[in-house]
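For reference, my_file_39.csv is printed below; it contains CSV, C-alpha atoms.
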```
chain,number,residue,atom,x,y,z
P,1,MET,CA,98.5,84.4,122.7
P,2,ALA,CA,95.3,82.7,121.4
P,3,PHE,CA,93.1,84.4,118.9
P,4,THR,CA,89.6,85.4,119.9
P,5,ASN,CA,86.7,84.4,117.7
P,6,GLU,CA,86.5,88.1,116.5
P,7,GLN,CA,90.2,88.0,115.6
P,8,ILE,CA,89.8,84.8,113.7
P,9,GLU,CA,86.9,86.3,111.7
P,10,ARG,CA,88.6,89.7,111.2
P,11,TYR,CA,91.8,88.1,109.9
P,12,SER,CA,90.3,85.0,108.3
P,13,ARG,CA,91.3,86.0,104.7
P,14,HIS,CA,94.9,86.3,105.9
P,15,ILE,CA,94.9,83.1,108.0
P,16,ILE,CA,93.5,81.1,105.1
P,17,LEU,CA,96.6,82.0,103.1
P,18,LYS,CA,99.3,79.3,103.2
P,19,GLU,CA,101.9,82.1,103.4
P,20,VAL,CA,100.3,83.7,106.4
P,21,GLY,CA,98.3,81.3,108.5
P,22,ALA,CA,97.9,81.7,112.3
P,23,LYS,CA,101.7,82.0,112.7
P,24,GLY,CA,101.9,84.8,110.2
P,25,GLN,CA,99.0,86.7,111.6
P,26,LYS,CA,100.7,86.5,115.0
P,27,LYS,CA,103.8,87.9,113.5
P,28,LEU,CA,101.8,90.9,112.2
P,29,LEU,CA,100.2,91.4,115.6
P,30,ASN,CA,103.6,91.4,117.3
P,31,ALA,CA,105.2,93.7,114.7
P,32,SER,CA,105.8,97.4,114.8
P,33,VAL,CA,106.1,99.8,111.8
P,34,LEU,CA,107.0,103.5,111.9
P,35,ILE,CA,105.4,105.7,109.2
P,36,ILE,CA,107.2,109.0,108.7
P,37,GLY,CA,104.7,111.4,107.1
P,38,ALA,CA,101.0,111.0,107.5
P,39,GLY,CA,100.3,112.3,104.0
P,40,GLY,CA,99.6,110.9,100.5
P,41,LEU,CA,101.8,107.9,101.0
P,42,GLY,CA,101.6,107.5,104.7
P,43,ALA,CA,97.8,107.5,104.8
P,44,PRO,CA,97.1,104.4,102.7
P,45,ALA,CA,100.2,102.7,104.1
P,46,ALA,CA,99.0,103.3,107.7
P,47,MET,CA,95.5,102.2,106.9
P,48,TYR,CA,96.4,98.9,105.2
P,49,LEU,CA,98.9,98.1,108.0
P,50,ALA,CA,96.2,98.9,110.6
P,51,ALA,CA,93.6,96.8,108.8
P,52,ALA,CA,96.2,93.9,108.5
P,53,GLY,CA,96.6,93.9,112.3
P,54,VAL,CA,100.1,95.2,112.6
P,55,GLY,CA,100.1,95.5,116.3
P,56,THR,CA,102.1,98.7,116.8
P,57,ILE,CA,102.1,101.6,114.3
P,58,GLY,CA,104.1,104.8,114.9
P,59,ILE,CA,103.2,107.9,113.0
P,60,ALA,CA,105.5,110.9,112.8
P,61,ASP,CA,104.4,114.2,111.3
P,62,ALA,CA,104.5,117.8,112.5
P,63,ASP,CA,101.7,119.2,110.3
P,64,GLU,CA,98.1,119.9,110.7
P,65,VAL,CA,95.4,118.6,108.2
P,66,ASP,CA,94.8,121.2,105.5
P,67,LEU,CA,91.8,121.2,103.2
P,68,SER,CA,94.1,120.8,100.2
P,69,ASN,CA,95.4,117.5,101.7
P,70,LEU,CA,92.1,115.7,101.5
P,71,GLN,CA,92.2,115.0,97.7
P,72,ARG,CA,94.7,112.2,98.5
P,73,GLN,CA,95.3,111.8,102.2
P,74,ILE,CA,92.5,109.4,102.8
P,75,ILE,CA,93.2,108.8,106.5
P,76,HIS,CA,92.0,112.4,107.2
P,77,ALA,CA,88.4,113.7,106.7
P,78,THR,CA,86.8,117.1,106.3
P,79,LYS,CA,86.1,117.3,110.0
P,80,ASP,CA,89.8,116.9,110.7
P,81,VAL,CA,90.9,120.1,109.0
P,82,GLY,CA,93.1,122.0,111.4
P,83,LYS,CA,93.8,119.0,113.6
P,84,ALA,CA,97.3,117.5,114.0
P,85,LYS,CA,97.7,114.9,111.3
P,86,VAL,CA,99.1,112.4,113.8
P,87,LEU,CA,96.0,112.7,115.9
P,88,SER,CA,93.6,112.5,113.0
P,89,ALA,CA,95.5,109.4,111.7
P,90,LYS,CA,95.4,107.8,115.2
P,91,GLU,CA,91.6,108.3,115.4
P,92,THR,CA,91.0,106.7,112.0
P,93,ILE,CA,93.2,103.7,112.8
P,94,GLU,CA,91.5,103.2,116.2
P,95,GLU,CA,88.1,103.2,114.5
P,96,MET,CA,89.4,100.7,112.0
P,97,ASN,CA,91.0,98.2,114.3
P,98,PRO,CA,91.1,98.0,118.1
P,99,ASP,CA,94.0,95.5,117.9
P,100,VAL,CA,96.4,98.3,116.9
P,101,THR,CA,98.4,100.5,119.3
P,102,VAL,CA,99.2,103.8,117.7
P,103,ASN,CA,102.2,105.9,118.9
P,104,THR,CA,102.2,109.5,117.7
P,105,TYR,CA,105.2,111.8,117.3
P,106,ARG,CA,104.2,115.3,116.4
P,107,THR,CA,107.5,116.4,114.9
P,108,PHE,CA,109.4,116.6,111.7
P,109,VAL,CA,112.3,114.1,111.6
P,110,THR,CA,115.7,115.7,112.2
P,111,SER,CA,119.2,114.5,112.9
P,112,GLU,CA,118.5,115.1,116.6
P,113,ASN,CA,115.4,112.9,116.9
P,114,ILE,CA,115.4,110.3,114.2
P,115,MET,CA,117.6,107.6,115.8
P,116,ASP,CA,115.4,107.7,118.8
P,117,LEU,CA,112.2,107.5,116.7
P,118,ILE,CA,113.3,104.5,114.7
P,119,LYS,CA,115.0,102.5,117.3
P,120,ASP,CA,112.0,100.5,118.6
P,121,TYR,CA,110.5,99.7,115.2
P,122,ASP,CA,110.9,96.6,113.0
P,123,PHE,CA,110.3,98.4,109.7
P,124,ILE,CA,110.2,102.1,108.6
P,125,ILE,CA,108.1,103.6,105.9
P,126,ASP,CA,109.3,106.9,104.3
P,127,GLY,CA,106.2,108.8,103.4
P,128,THR,CA,107.9,112.2,103.3
P,129,ASP,CA,107.7,114.8,100.6
P,130,ASN,CA,111.2,116.3,100.5
P,131,PHE,CA,114.7,115.3,99.8
P,132,PRO,CA,116.3,116.3,103.1
P,133,ALA,CA,114.0,114.0,105.0
P,134,LYS,CA,114.5,111.2,102.5
P,135,PHE,CA,118.3,111.3,102.8
P,136,LEU,CA,118.0,111.6,106.6
P,137,ILE,CA,115.8,108.6,106.8
P,138,ASN,CA,118.1,106.6,104.6
P,139,ASP,CA,121.2,107.4,106.5
P,140,ALA,CA,119.6,106.8,109.9
P,141,CYS,CA,118.2,103.5,108.8
P,142,VAL,CA,121.6,102.4,107.4
P,143,MET,CA,123.3,103.5,110.6
P,144,ALA,CA,120.7,101.8,112.8
P,145,LYS,CA,120.5,98.7,110.5
P,146,LYS,CA,116.8,99.1,110.0
P,147,PRO,CA,114.9,98.0,106.9
P,148,PHE,CA,112.8,100.7,105.2
P,149,SER,CA,110.7,101.5,102.2
P,150,HIS,CA,111.5,104.6,100.2
P,151,ALA,CA,108.9,106.1,98.0
P,152,GLY,CA,108.2,109.4,96.1
P,153,ILE,CA,105.3,110.6,94.1
P,154,ILE,CA,104.7,113.6,91.8
P,155,ARG,CA,102.1,114.4,89.1
P,156,PHE,CA,101.3,111.0,87.5
P,157,GLN,CA,104.5,109.3,88.5
P,158,GLY,CA,105.7,107.3,91.5
P,159,GLN,CA,108.7,105.3,92.5
P,160,LEU,CA,109.7,103.0,95.4
P,161,MET,CA,112.5,100.8,96.6
P,162,THR,CA,113.2,98.7,99.7
P,163,TYR,CA,116.3,98.8,101.7
P,164,VAL,CA,117.3,95.8,103.9
P,165,PRO,CA,120.7,96.0,105.7
P,166,GLY,CA,123.2,93.9,103.8
P,167,GLU,CA,120.8,93.0,101.0
P,168,GLY,CA,121.4,95.6,98.3
P,169,PRO,CA,121.9,99.2,97.7
P,170,CYS,CA,120.5,102.1,99.9
P,171,TYR,CA,118.8,105.2,98.6
P,172,ARG,CA,122.1,107.1,98.7
P,173,CYS,CA,123.9,104.4,96.6
P,174,VAL,CA,121.4,105.3,93.9
P,175,PHE,CA,120.8,109.0,94.3
P,176,LYS,CA,124.1,110.2,96.0
P,177,ASN,CA,123.0,113.6,97.2
P,178,PRO,CA,119.9,115.8,97.3
P,179,PRO,CA,119.3,117.8,94.2
P,180,PRO,CA,120.0,121.5,94.4
P,181,LYS,CA,117.4,123.5,96.3
P,182,ASP,CA,114.4,124.3,94.1
P,183,ALA,CA,115.7,122.2,91.2
P,184,VAL,CA,112.9,119.7,91.6
P,185,PRO,CA,109.4,120.9,92.1
P,186,THR,CA,107.4,119.7,95.1
P,187,CYS,CA,103.9,118.4,95.0
P,188,LYS,CA,102.6,121.7,96.1
P,189,GLN,CA,104.0,123.3,93.0
P,190,ALA,CA,103.7,120.5,90.6
P,191,GLY,CA,100.6,118.7,91.7
P,192,VAL,CA,99.9,115.0,92.2
P,193,ILE,CA,97.0,112.7,91.2
P,194,GLY,CA,95.4,111.6,94.4
P,195,ALA,CA,95.3,107.9,93.6
P,196,MET,CA,99.1,107.9,93.1
P,197,GLY,CA,99.5,107.9,96.9
P,198,GLY,CA,97.1,105.0,97.1
P,199,VAL,CA,99.1,103.0,94.5
P,200,ILE,CA,102.6,103.6,95.9
P,201,GLY,CA,101.7,103.9,99.6
P,202,SER,CA,99.8,100.5,99.3
P,203,LEU,CA,102.9,99.0,97.7
P,204,GLN,CA,105.0,100.3,100.7
P,205,ALA,CA,102.5,98.6,103.1
P,206,MET,CA,102.8,95.4,101.0
P,207,GLU,CA,106.6,95.5,101.4
P,208,ALA,CA,106.3,95.9,105.1
P,209,VAL,CA,103.8,93.0,105.4
P,210,LYS,CA,106.1,90.7,103.3
P,211,TYR,CA,109.1,91.7,105.4
P,212,ILE,CA,107.3,90.9,108.6
P,213,LEU,CA,106.0,87.6,107.3
P,214,GLY,CA,109.3,86.7,105.7
P,215,VAL,CA,107.7,85.7,102.5
P,216,GLY,CA,108.4,86.3,98.8
P,217,GLN,CA,111.0,88.7,97.3
P,218,LEU,CA,111.3,92.3,98.5
P,219,LEU,CA,112.0,95.2,96.3
P,220,THR,CA,115.7,95.2,97.4
P,221,GLY,CA,118.2,96.0,94.6
P,222,TYR,CA,115.5,97.4,92.4
P,223,LEU,CA,113.7,100.7,91.8
P,224,LEU,CA,110.1,100.3,90.8
P,225,THR,CA,108.7,103.2,88.8
P,226,TYR,CA,105.1,103.8,87.8
P,227,ASP,CA,103.9,106.1,85.1
P,228,ALA,CA,100.2,106.3,85.4
P,229,LEU,CA,99.6,108.2,82.1
P,230,LYS,CA,101.4,105.5,80.1
P,231,MET,CA,100.2,102.8,82.5
P,232,GLU,CA,103.7,101.5,82.8
P,233,PHE,CA,105.5,99.9,85.7
P,234,ARG,CA,109.2,99.4,85.3
P,235,LYS,CA,111.3,97.4,87.7
P,236,VAL,CA,114.8,98.8,87.2
P,237,LYS,CA,117.7,96.7,88.5
P,238,LEU,CA,120.1,98.8,90.6
P,239,PRO,CA,123.9,98.4,90.7
P,240,THR,CA,124.9,95.7,93.1
P,241,LYS,CA,128.2,97.3,94.0
P,242,THR,CA,127.7,99.3,97.2
P,243,ASP,CA,131.3,99.3,98.5
P,244,ASP,CA,131.9,102.9,97.6
P,245,CYS,CA,128.7,104.3,99.0
P,246,GLU,CA,129.3,107.3,101.3
P,247,VAL,CA,127.0,105.9,104.0
P,248,CYS,CA,126.5,102.1,103.5
P,249,GLY,CA,129.8,101.3,101.8
P,250,ALA,CA,132.9,99.6,103.1
P,251,ASN,CA,134.5,102.9,104.3
P,252,PRO,CA,131.7,105.3,104.9
P,253,THR,CA,132.5,109.0,104.9
P,254,ILE,CA,129.1,110.0,106.3
P,255,THR,CA,129.2,108.9,109.9
P,256,GLU,CA,126.9,111.6,111.3
P,257,LEU,CA,123.4,112.5,110.2
P,258,ILE,CA,123.0,115.6,108.0
P,259,ASP,CA,120.1,118.1,108.1
P,260,TYR,CA,120.1,119.3,104.5
P,261,GLU,CA,118.5,122.7,103.8
P,262,GLN,CA,114.8,122.5,102.8
P,263,ALA,CA,113.6,124.2,99.6
P,264,GLU,CA,111.5,127.3,100.2
P,265,CYS,CA,108.2,125.6,99.5
P,266,ASP,CA,108.9,122.2,101.1
P,267,GLY,CA,107.4,121.1,104.3
P,268,VAL,CA,103.8,120.7,103.3
P,269,GLY,CA,102.8,117.1,103.8
P,270,LEU,CA,102.6,115.2,100.6
M,1,MET,CA,88.2,50.8,121.1
M,2,ALA,CA,89.9,53.8,119.6
M,3,ASP,CA,92.5,53.3,116.9
M,4,PHE,CA,94.0,56.7,117.5
M,5,ILE,CA,94.8,59.1,120.4
M,6,ILE,CA,93.4,62.6,120.2
M,7,ASP,CA,96.0,65.2,121.1
M,8,ASP,CA,93.7,68.3,120.9
M,9,THR,CA,90.1,69.2,120.2
M,10,VAL,CA,88.5,72.2,118.7
M,11,ASP,CA,84.9,73.2,118.6
M,12,ILE,CA,83.8,75.1,115.5
M,13,THR,CA,80.1,74.8,116.1
M,14,ASP,CA,80.0,78.4,117.3
M,15,VAL,CA,81.2,80.0,114.1
M,16,VAL,CA,80.2,80.1,110.4
M,17,CYS,CA,82.0,79.7,107.1
M,18,PRO,CA,84.8,80.6,106.4
M,19,THR,CA,85.7,81.0,110.1
M,20,THR,CA,84.9,77.3,110.7
M,21,PHE,CA,87.8,76.2,108.5
M,22,VAL,CA,90.1,79.0,109.8
M,23,LYS,CA,89.5,77.9,113.4
M,24,ALA,CA,90.3,74.3,112.5
M,25,LYS,CA,93.4,75.5,110.6
M,26,ILE,CA,94.7,77.5,113.6
M,27,ALA,CA,94.2,74.5,115.8
M,28,LEU,CA,96.2,72.3,113.4
M,29,GLU,CA,99.0,74.9,113.2
M,30,GLU,CA,99.6,74.5,116.9
M,31,LEU,CA,100.1,70.8,116.7
M,32,GLU,CA,103.3,68.8,115.8
M,33,GLU,CA,103.4,66.7,112.7
M,34,GLY,CA,101.7,63.4,113.2
M,35,GLN,CA,99.5,64.6,116.1
M,36,ILE,CA,95.7,64.2,116.0
M,37,LEU,CA,93.0,66.8,116.2
M,38,SER,CA,89.3,66.2,116.7
M,39,VAL,CA,87.2,68.9,115.2
M,40,LYS,CA,83.6,69.2,116.4
M,41,MET,CA,81.4,70.7,113.7
M,42,ASN,CA,77.7,71.1,112.7
M,43,ASP,CA,75.9,69.1,110.1
M,44,GLY,CA,75.3,70.8,106.8
M,45,GLU,CA,77.7,73.3,105.3
M,46,PRO,CA,80.6,72.7,107.7
M,47,VAL,CA,80.6,68.9,107.3
M,48,GLN,CA,80.4,69.4,103.5
M,49,ASN,CA,83.3,71.9,103.2
M,50,VAL,CA,85.7,71.7,106.2
M,51,PRO,CA,87.0,68.2,105.7
M,52,ARG,CA,87.6,69.0,102.0
M,53,SER,CA,89.5,72.2,102.9
M,54,ILE,CA,91.6,70.4,105.5
M,55,LYS,CA,92.4,67.7,102.9
M,56,GLU,CA,93.5,70.4,100.4
M,57,GLU,CA,96.0,71.7,103.0
M,58,GLY,CA,97.6,68.2,102.9
M,59,HIS,CA,96.4,66.8,106.2
M,60,GLN,CA,95.0,63.3,106.6
M,61,ILE,CA,91.3,62.7,107.5
M,62,LEU,CA,91.1,59.6,109.7
M,63,LYS,CA,87.4,59.4,110.6
M,64,LEU,CA,84.2,61.3,110.6
M,65,ILE,CA,82.1,60.4,113.6
M,66,ASP,CA,78.3,61.2,113.7
M,67,ASN,CA,77.5,62.2,117.2
M,68,GLY,CA,73.7,61.7,116.5
M,69,ASP,CA,72.9,65.2,117.8
M,70,GLY,CA,73.5,67.2,114.6
M,71,THR,CA,77.2,67.4,115.2
M,72,TYR,CA,80.2,65.5,113.9
M,73,ASP,CA,83.7,64.9,115.1
M,74,LEU,CA,86.3,65.0,112.4
M,75,ILE,CA,89.5,63.2,113.3
M,76,VAL,CA,92.5,64.7,111.5
M,77,LYS,CA,96.1,63.7,111.5
M,78,LYS,CA,98.5,66.7,110.9
M,79,VAL,CA,100.8,66.3,107.9
M,80,GLY,CA,103.8,68.6,107.5
M,81,ASP,CA,104.7,71.6,109.7
```

Using structure tokens, write down the structure from this file.
Amino acid sequence: MAFTNEQIERYSRHIILKEVGAKGQKKLLNASVLIIGAGGLGAPAAMYLAAAGVGTIGIADADEVDLSNLQRQIIHATKDVGKAKVLSAKETIEEMNPDVTVNTYRTFVTSENIMDLIKDYDFIIDGTDNFPAKFLINDACVMAKKPFSHAGIIRFQGQLMTYVPGEGPCYRCVFKNPPPKDAVPTCKQAGVIGAMGGVIGSLQAMEAVKYILGVGQLLTGYLLTYDALKMEFRKVKLPTKTDDCEVCGANPTITELIDYEQAECDGVGL
Amino acid sequence: MADFIIDDTVDITDVVCPTTFVKAKIALEELEEGQILSVKMNDGEPVQNVPRSIKEEGHQILKLIDNGDGTYDLIVKKVGD
């Protein structure tokens, strides 16, 4: 595949980089990333990956755009209120970059559909807003041997980690099980500063880009936390021992996907 | 009598900075180490900057030929992969 002059110009700031070059840009154009949740995290992640020329972007979300989403979900606009988020996201991406093919899945992820959703993608971005989905994505990616970026945001705080099969702990190694129902407030109850999705979702896009290019060090084996009020980033080293993990350990006891019960107020896109 | 054999050519007279360099860089990436690329460029800004940028990437400039029509052919030997 040869670049057109338009592509050379569009991606020139990438191609100039030693770590990218024409070969790297071709890798991006040939790559596929699935974004689960077109909300606060998924919106900036999808937009940066689209602008970067990631050739195939999948977006899974069952929700419609709500007016209260627009304070942070920058892929959607006022005119999109009431529209399916996957459709709104697809329209924005197509306006941004015609090189990108967008696949939409208007569904929540469940134990029934997730293996099928992730199977054709090189990298998965967890942009969901609830623990059942986060554990489901983790377990499915471990079982299917897919790399993914986990992230969560609330109030003025955010966190993320990257899982690559065989290269460090998974989300369940660190967090074991979902917290009791309603023990942790959701964004809907607790609020979240809009730019937090931008900071953390953009870092997720950066991890996906680095994974595709095969450059630098990924956030495997570490949890990065961000406290915006204190303006503090902390890169916390995670335990390297994963043998006894229930899903990615030597003798996994979780061999089938679990649909944990959602808290009452969950399910509104972050 | 040429003292080199050109393996590939690229015309960057149809684009402007920084696409000029990017187009040349892409053409170089497609070559094997030691192969020779001829880059056709306009006088002025391209001829000032493109050879320098190519040199910074570690490649070897063999010759700059003035075509006498406001264009130049820059002969570059690829170094490294």

**OP:** Could you jot down the CA of Lys63 in chain M to CA of Ile16 in chain P separation for me, Å, one decimal place?
**Re:**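 The value is 23.2 Å.
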
Original post:
CA of Val215 in chain P and CA of Lys241 in chain P, how far apart in Å?
Top reply: 25.0 Å

**OP:** Mind giving me the straight-line distance from CA of Pro239 in chain P to CA of Glu167 in chain P in Å, one decimal?
**Re:**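 A separation of 12.0 Å between them.
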
Original post:
Which one of P:Val100, P:Val247, P:Leu224, P:Cys173 sits closest to Ile153 in chain P if you count only C-alpha atoms?
Top reply: P:Leu224

**OP:** Give as a VMD selection string every residue of chain M that touches chain P within 8 Å, counting all atoms listed in the file.
**Re:** chain M and resid 15 18 to 19 22 to 23 25 to 26 29

Original post:
Using all atoms listed in the file, which residue out of M:Asp8, M:Glu30, M:Thr13, M:Val76 lies closest to Ile54 in chain M?
Top reply: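 Nearest to Ile54 in chain M: M:Val76.
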